[in-house]
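Peer 1: So that you have it, the file is data_2.txt, and it contains compact mmCIF, C-alpha atoms:
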```txt
# COMPACT_ATOMS: atom_id res chain seq x y z
CA MET O 1 40.59 29.98 -117.89
CA VAL O 2 41.89 32.99 -115.94
CA PRO O 3 45.41 33.26 -114.48
CA ILE O 4 45.62 33.18 -110.67
CA ALA O 5 47.00 36.72 -110.39
CA GLN O 6 44.11 38.14 -112.44
CA ALA O 7 41.56 36.11 -110.42
CA LEU O 8 42.99 37.45 -107.16
CA GLU O 9 42.75 41.04 -108.49
CA LEU O 10 39.09 40.49 -109.50
CA ALA O 11 38.32 39.10 -106.03
CA GLU O 12 39.97 42.07 -104.29
CA GLU O 13 38.09 44.57 -106.49
CA ARG O 14 34.75 43.01 -105.51
CA GLU O 15 35.87 42.60 -101.86
CA LEU O 16 35.24 38.85 -102.04
CA ASP O 17 37.36 35.71 -101.65
CA LEU O 18 38.92 33.41 -104.24
CA VAL O 19 37.87 29.88 -103.17
CA GLU O 20 39.10 26.63 -104.69
CA VAL O 21 35.97 24.55 -105.30
CA SER O 22 37.48 21.48 -106.94
CA GLY O 23 41.19 20.91 -106.48
CA GLN O 24 41.23 17.49 -108.21
CA ALA O 25 40.00 18.87 -111.53
CA ASP O 26 42.51 19.67 -114.26
CA PRO O 27 42.85 22.68 -114.17
CA PRO O 28 41.63 23.32 -110.57
CA VAL O 29 38.28 25.13 -110.36
CA CYS O 30 38.03 28.32 -108.27
CA ARG O 31 35.21 30.77 -107.59
CA ILE O 32 34.99 34.33 -106.43
CA LEU O 33 32.54 34.44 -103.51
CA ASP O 34 31.99 35.45 -99.89
CA TYR O 35 33.68 32.60 -98.01
CA GLY O 36 31.80 33.23 -94.72
CA LYS O 37 28.45 33.06 -96.49
CA TYR O 38 29.57 29.94 -98.39
CA LYS O 39 30.55 28.14 -95.14
CA PHE O 40 27.25 29.14 -93.49
CA GLN O 41 25.21 27.77 -96.39
CA GLN O 42 27.25 24.56 -96.37
CA GLN O 43 26.62 24.09 -92.62
CA LYS O 44 22.91 24.76 -93.16
CA ARG O 45 22.77 22.10 -95.94
CA ASP O 46 24.58 19.58 -93.73
CA LYS O 47 22.21 20.28 -90.82
CA ASP O 48 19.15 19.79 -93.05
CA ALA O 49 20.61 16.54 -94.40
CA ARG O 50 21.15 15.23 -90.84
CA LYS O 51 17.64 16.27 -89.87
CA LYS O 52 16.09 14.47 -92.84
CA SER O 53 18.15 11.30 -92.44
CA LYS O 54 16.38 8.59 -90.47
CA GLY O 55 18.41 7.45 -87.51
CA GLN O 56 18.85 3.71 -87.36
CA VAL O 57 16.53 2.34 -84.67
CA VAL O 58 17.43 -0.92 -82.98
CA LYS O 59 14.67 -3.00 -81.42
CA GLU O 60 15.55 -5.55 -78.74
CA MET O 61 13.88 -8.86 -77.95
CA LYS O 62 14.84 -10.72 -74.75
CA MET O 63 14.44 -14.47 -74.31
CA ARG O 64 15.48 -17.17 -71.86
CA PRO O 65 17.26 -20.43 -72.69
CA LYS O 66 14.25 -22.45 -71.48
CA ILE O 67 11.66 -20.45 -73.45
CA ASP O 68 8.30 -22.14 -74.06
CA LEU O 69 7.25 -22.86 -77.66
CA HIS O 70 4.28 -20.45 -77.61
CA ASP O 71 6.37 -17.64 -76.11
CA TYR O 72 9.11 -18.31 -78.64
CA ASN O 73 6.67 -18.19 -81.59
CA PHE O 74 5.13 -14.96 -80.25
CA LYS O 75 8.53 -13.27 -79.96
CA VAL O 76 9.73 -14.51 -83.36
CA ARG O 77 6.57 -13.10 -84.95
CA ALA O 78 7.39 -9.71 -83.35
CA ILE O 79 11.00 -9.95 -84.59
CA LYS O 80 9.76 -10.65 -88.13
CA ASP O 81 7.42 -7.64 -87.95
CA PHE O 82 10.33 -5.43 -86.84
CA LEU O 83 12.53 -6.69 -89.67
CA LEU O 84 9.76 -6.19 -92.25
CA SER O 85 9.33 -2.62 -90.93
CA GLY O 86 13.03 -1.98 -91.62
CA PHE O 87 14.36 -2.02 -88.04
CA ARG O 88 17.49 -3.79 -86.91
CA VAL O 89 16.79 -6.28 -84.11
CA LYS O 90 19.01 -7.25 -81.21
CA VAL O 91 18.01 -10.69 -79.89
CA ALA O 92 19.27 -11.41 -76.37
CA VAL O 93 19.15 -14.61 -74.32
CA PHE O 94 19.43 -13.90 -70.60
CA PHE O 95 21.03 -16.49 -68.32
CA ARG O 96 20.32 -16.67 -64.57
CA GLY O 97 22.15 -18.66 -61.92
CA ARG O 98 23.00 -22.20 -63.04
CA GLU O 99 21.82 -21.49 -66.59
CA MET O 100 25.30 -20.02 -67.19
CA ALA O 101 26.58 -23.61 -67.29
CA PHE O 102 24.35 -24.34 -70.32
CA LEU O 103 25.35 -21.64 -72.80
CA ASP O 104 24.76 -24.09 -75.65
CA ARG O 105 20.99 -23.93 -74.95
CA GLY O 106 21.06 -20.16 -75.52
CA ARG O 107 23.03 -20.60 -78.74
CA GLU O 108 20.43 -23.14 -79.93
CA VAL O 109 17.65 -20.62 -79.30
CA LEU O 110 19.51 -17.92 -81.25
CA ASP O 111 20.30 -20.32 -84.11
CA LYS O 112 16.61 -21.23 -84.29
CA VAL O 113 15.69 -17.51 -84.46
CA VAL O 114 18.13 -17.05 -87.35
CA ARG O 115 16.62 -20.05 -89.21
CA ASP O 116 13.07 -18.80 -88.63
CA CYS O 117 13.92 -15.28 -89.86
CA ASP O 118 15.77 -16.53 -92.96
CA GLY O 119 14.67 -14.56 -96.03
CA ILE O 120 13.53 -11.59 -93.93
CA GLY O 121 16.74 -10.75 -92.10
CA LYS O 122 20.38 -11.71 -91.96
CA VAL O 123 22.92 -11.89 -89.15
CA ASP O 124 24.69 -8.56 -88.75
CA MET O 125 26.62 -9.54 -85.64
CA PRO O 126 27.08 -13.23 -84.71
CA PRO O 127 26.09 -14.44 -81.21
CA ARG O 128 28.48 -13.39 -78.47
CA MET O 129 28.43 -13.22 -74.71
CA GLU O 130 28.09 -9.86 -72.97
CA GLY O 131 27.97 -10.53 -69.24
CA ARG O 132 24.91 -12.72 -68.58
CA TYR O 133 23.48 -12.00 -72.03
CA MET O 134 24.19 -13.78 -75.29
CA ARG O 135 23.37 -11.27 -78.01
CA LEU O 136 22.84 -11.47 -81.75
CA MET O 137 22.08 -8.64 -84.17
CA LEU O 138 19.74 -9.14 -87.14
CA MET O 139 19.57 -6.76 -90.07
CA PRO O 140 16.59 -6.52 -92.45
CA LEU O 141 17.01 -7.73 -96.01
CA PRO O 142 15.73 -5.43 -98.77
CA GLN O 143 12.18 -6.56 -99.48
CA PRO O 144 10.77 -6.53 -103.01
CA ALA O 145 8.44 -3.60 -103.49
CA ARG O 146 4.80 -4.52 -103.32
CA LYS O 147 2.66 -3.58 -106.30
CA PRO O 148 0.68 -0.46 -105.58
CA LYS O 149 -3.06 -0.94 -105.80
CA THR O 150 -4.57 0.40 -108.97
CA ALA O 151 -8.17 0.83 -110.04
CA GLU O 152 -7.83 -2.19 -112.35
CA THR O 153 -6.66 -4.54 -109.59
CA ASP O 154 -9.41 -3.28 -107.27
CA LYS O 155 -11.97 -3.89 -110.00
CA ALA O 156 -10.64 -7.41 -110.65
CA VAL O 157 -10.82 -8.29 -106.95
CA LYS O 158 -14.35 -6.89 -106.71
CA LEU O 159 -15.52 -8.87 -109.76
CA GLU O 160 -13.88 -11.99 -108.38
CA LYS O 161 -15.72 -11.57 -105.07
CA GLU O 162 -19.05 -10.89 -106.80
CA GLY O 163 -18.58 -13.96 -108.99
CA THR O 164 -18.05 -16.20 -105.97
CA GLU O 165 -21.06 -14.70 -104.19
CA GLU O 166 -23.29 -15.35 -107.22
CA HIS O 167 -21.95 -18.88 -107.45
CA VAL O 168 -22.79 -19.51 -103.78
CA ALA O 169 -26.26 -17.94 -104.15
CA LYS O 170 -27.14 -20.20 -107.13
CA GLU O 171 -26.33 -23.38 -105.19
```
Since I need it in another form, could you write the structure as structure tokens?
Peer 2:
Amino acid sequence: MVPIAQALELAEERELDLVEVSGQADPPVCRILDYGKYKFQQQKRDKDARKKSKGQVVKEMKMRPKIDLHDYNFKVRAIKDFLLSGFRVKVAVFFRGREMAFLDRGREVLDKVVRDCDGIGKVDMPPRMEGRYMRLMLMPLPQPARKPKTAETDKAVKLEKEGTEEHVAKE
């Protein structure tokens, strides 16, 4: 531990700055360094961290309150794929004309989507009206990691297939 006056003298001799690195520590930690260079390196690190971080992508799926069963199933399958891929999904029910009088039909559709996506995603933002749209936000649940394929599992699958082929050929 060096007294502050002595640390300031050392910094002036070397034509550098005395910078407090950790003020919460007891005693506070300071370093003798070029402050401009330190700030530049810190900005560079922050920029690299932002560049490497994956921005959160939101996928959107639009439906109508009178959606047909096949269309509904097709869209729910796409929503599940998005959630499994790690995307957040905004599900919107669009109301036209007199459909605005039957908002409960749109809520039923959204509730059904939530039930069908149970275990894959959870409600991030409950259904709410935004103009002619009733929107709901789903967030993916963390999925258990799948076992990576190894040579042993490949071999077991291959033997299993060969065994069934031989069994079929003998009959």
Peer 1: So what do you get for atom CA of Val57 of chain O versus atom CA of Arg135 of chain O, distance-wise?
Peer 2: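 Atom CA of Arg135 of chain O lies 16.6 Å from atom CA of Val57 of chain O.
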Peer 1: Go ahead and compute the interatomic distance for atom CA of Leu141 of chain O and atom CA of Ile120 of chain O, in Å to one decimal.
Peer 2: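 Calculated distance between atom CA of Leu141 of chain O and atom CA of Ile120 of chain O is 5.6 Å.
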Peer 1: Can you tell me how far atom CA of Pro142 of chain O sits from atom CA of Arg107 of chain O, in Å to one decimal?
Peer 2: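 Rounded to one decimal, the two atoms are 26.2 Å apart.
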Peer 1: Could you make a table, as JSON lines, of the residues of segment 93-114 of chain O that have an atom within 8 Å of an atom of segment 65-72 of chain O, each with its nearest atom pair and distance in Å to one decimal, counting all atoms listed in the file, in chain and number order?
Peer 2:
```
{"residue": "O:Val93", "atom": "CA", "partner": "O:Pro65", "partner_atom": "CA", "distance": 6.3}
{"residue": "O:Phe94", "atom": "CA", "partner": "O:Pro65", "partner_atom": "CA", "distance": 7.2}
{"residue": "O:Phe95", "atom": "CA", "partner": "O:Pro65", "partner_atom": "CA", "distance": 7.0}
{"residue": "O:Glu99", "atom": "CA", "partner": "O:Pro65", "partner_atom": "CA", "distance": 7.7}
{"residue": "O:Arg105", "atom": "CA", "partner": "O:Pro65", "partner_atom": "CA", "distance": 5.6}
{"residue": "O:Gly106", "atom": "CA", "partner": "O:Pro65", "partner_atom": "CA", "distance": 4.7}
{"residue": "O:Val109", "atom": "CA", "partner": "O:Pro65", "partner_atom": "CA", "distance": 6.6}
```
Peer 1: When you count all atoms listed in the file, which of these residues is closest to Val113 of chain O: O:Val89, O:Ala25, O:Val76, O:Met100?
Peer 2: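 So, comparing all the options, the nearest one is O:Val76.
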Peer 1: Counting all atoms listed in the file, which of O:Ala92, O:Glu15, O:Arg98, O:Ala49 gets nearest to Pro126 of chain O?
Peer 2: O:Ala92
Peer 1: My list of candidates is O:Gly36, O:Phe87, O:Ile79, O:Met1. Which is closest to Leu16 of chain O when distances are computed with all atoms listed in the file?
Peer 2: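 The shortest atom-to-atom distance to Leu16 of chain O comes from O:Gly36.
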Peer 1: Rank O:Val114, O:Val21, O:Met139, O:Met63 by their smallest atom-to-atom distance to Ser85 of chain O, using only C-alpha atoms, and report the top residue only.
Peer 2: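 Closest candidate: O:Met139.
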Peer 1: Taking into account only C-alpha atoms, which residue in the set O:Met134, O:Ile32, O:Met61, O:Leu10 is nearest to Val91 of chain O?
Peer 2: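 For Val91 of chain O, the nearest of the candidates is O:Met61.
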Peer 1: Which residues are close to Gly97 of chain O, i.e. within 12 Å by all atoms listed in the file, leaving aside same-chain residues fewer than 4 positions away? Reply as a PyMOL selection string.
Peer 2: chain O and resi 65+101-103+132
Peer 1: Out of O:Lys39, O:Lys90, O:Arg96, O:Lys80, which residue has the shortest atom-to-atom distance to Gly121 of chain O when counting only C-alpha atoms?
Peer 2: O:Lys80
Peer 1: Would you mind putting N, CA and C atoms back on segment 36-57 of chain O and writing the result as a JSON list (two decimals), keeping the file's coordinate frame?
Peer 2:
```
[["chain", "number", "residue", "atom", "x", "y", "z"],
["O", 36, "GLY", "N", 32.61, 33.38, -95.95],
["O", 36, "GLY", "CA", 31.80, 33.23, -94.72],
["O", 36, "GLY", "C", 30.38, 32.77, -95.05],
["O", 37, "LYS", "N", 29.81, 33.41, -96.07],
["O", 37, "LYS", "CA", 28.45, 33.06, -96.49],
["O", 37, "LYS", "C", 28.42, 31.64, -97.05],
["O", 38, "TYR", "N", 29.47, 31.28, -97.81],
["O", 38, "TYR", "CA", 29.57, 29.94, -98.39],
["O", 38, "TYR", "C", 29.62, 28.88, -97.29],
["O", 39, "LYS", "N", 30.44, 29.09, -96.25],
["O", 39, "LYS", "CA", 30.55, 28.14, -95.14],
["O", 39, "LYS", "C", 29.22, 28.02, -94.40],
["O", 40, "PHE", "N", 28.54, 29.15, -94.18],
["O", 40, "PHE", "CA", 27.25, 29.14, -93.49],
["O", 40, "PHE", "C", 26.23, 28.32, -94.26],
["O", 41, "GLN", "N", 26.16, 28.53, -95.57],
["O", 41, "GLN", "CA", 25.21, 27.77, -96.39],
["O", 41, "GLN", "C", 25.54, 26.29, -96.40],
["O", 42, "GLN", "N", 26.82, 25.96, -96.39],
["O", 42, "GLN", "CA", 27.25, 24.56, -96.37],
["O", 42, "GLN", "C", 26.84, 23.91, -95.04],
["O", 43, "GLN", "N", 27.03, 24.62, -93.93],
["O", 43, "GLN", "CA", 26.62, 24.09, -92.62],
["O", 43, "GLN", "C", 25.11, 23.90, -92.56],
["O", 44, "LYS", "N", 24.37, 24.84, -93.15],
["O", 44, "LYS", "CA", 22.91, 24.76, -93.16],
["O", 44, "LYS", "C", 22.45, 23.53, -93.95],
["O", 45, "ARG", "N", 23.09, 23.28, -95.12],
["O", 45, "ARG", "CA", 22.77, 22.10, -95.94],
["O", 45, "ARG", "C", 23.06, 20.81, -95.18],
["O", 46, "ASP", "N", 24.21, 20.77, -94.50],
["O", 46, "ASP", "CA", 24.58, 19.58, -93.73],
["O", 46, "ASP", "C", 23.59, 19.33, -92.59],
["O", 47, "LYS", "N", 23.17, 20.40, -91.93],
["O", 47, "LYS", "CA", 22.21, 20.28, -90.82],
["O", 47, "LYS", "C", 20.88, 19.75, -91.33],
["O", 48, "ASP", "N", 20.41, 20.27, -92.46],
["O", 48, "ASP", "CA", 19.15, 19.79, -93.05],
["O", 48, "ASP", "C", 19.27, 18.32, -93.45],
["O", 49, "ALA", "N", 20.41, 17.93, -94.00],
["O", 49, "ALA", "CA", 20.61, 16.54, -94.40],
["O", 49, "ALA", "C", 20.56, 15.62, -93.18],
["O", 50, "ARG", "N", 21.19, 16.04, -92.08],
["O", 50, "ARG", "CA", 21.15, 15.23, -90.84],
["O", 50, "ARG", "C", 19.74, 15.14, -90.31],
["O", 51, "LYS", "N", 19.00, 16.25, -90.39],
["O", 51, "LYS", "CA", 17.64, 16.27, -89.87],
["O", 51, "LYS", "C", 16.74, 15.33, -90.66],
["O", 52, "LYS", "N", 16.93, 15.29, -91.98],
["O", 52, "LYS", "CA", 16.09, 14.47, -92.84],
["O", 52, "LYS", "C", 16.46, 12.99, -92.81],
["O", 53, "SER", "N", 17.74, 12.71, -92.45],
["O", 53, "SER", "CA", 18.15, 11.30, -92.44],
["O", 53, "SER", "C", 17.51, 10.60, -91.26],
["O", 54, "LYS", "N", 17.04, 9.38, -91.51],
["O", 54, "LYS", "CA", 16.38, 8.59, -90.47],
["O", 54, "LYS", "C", 17.45, 7.89, -89.66],
["O", 55, "GLY", "N", 17.47, 8.14, -88.38],
["O", 55, "GLY", "CA", 18.41, 7.45, -87.51],
["O", 55, "GLY", "C", 18.07, 5.98, -87.45],
["O", 56, "GLN", "N", 19.08, 5.15, -87.39],
["O", 56, "GLN", "CA", 18.85, 3.71, -87.36],
["O", 56, "GLN", "C", 18.35, 3.31, -85.99],
["O", 57, "VAL", "N", 17.14, 2.77, -85.92],
["O", 57, "VAL", "CA", 16.53, 2.34, -84.67],
["O", 57, "VAL", "C", 16.80, 0.86, -84.49]]
```
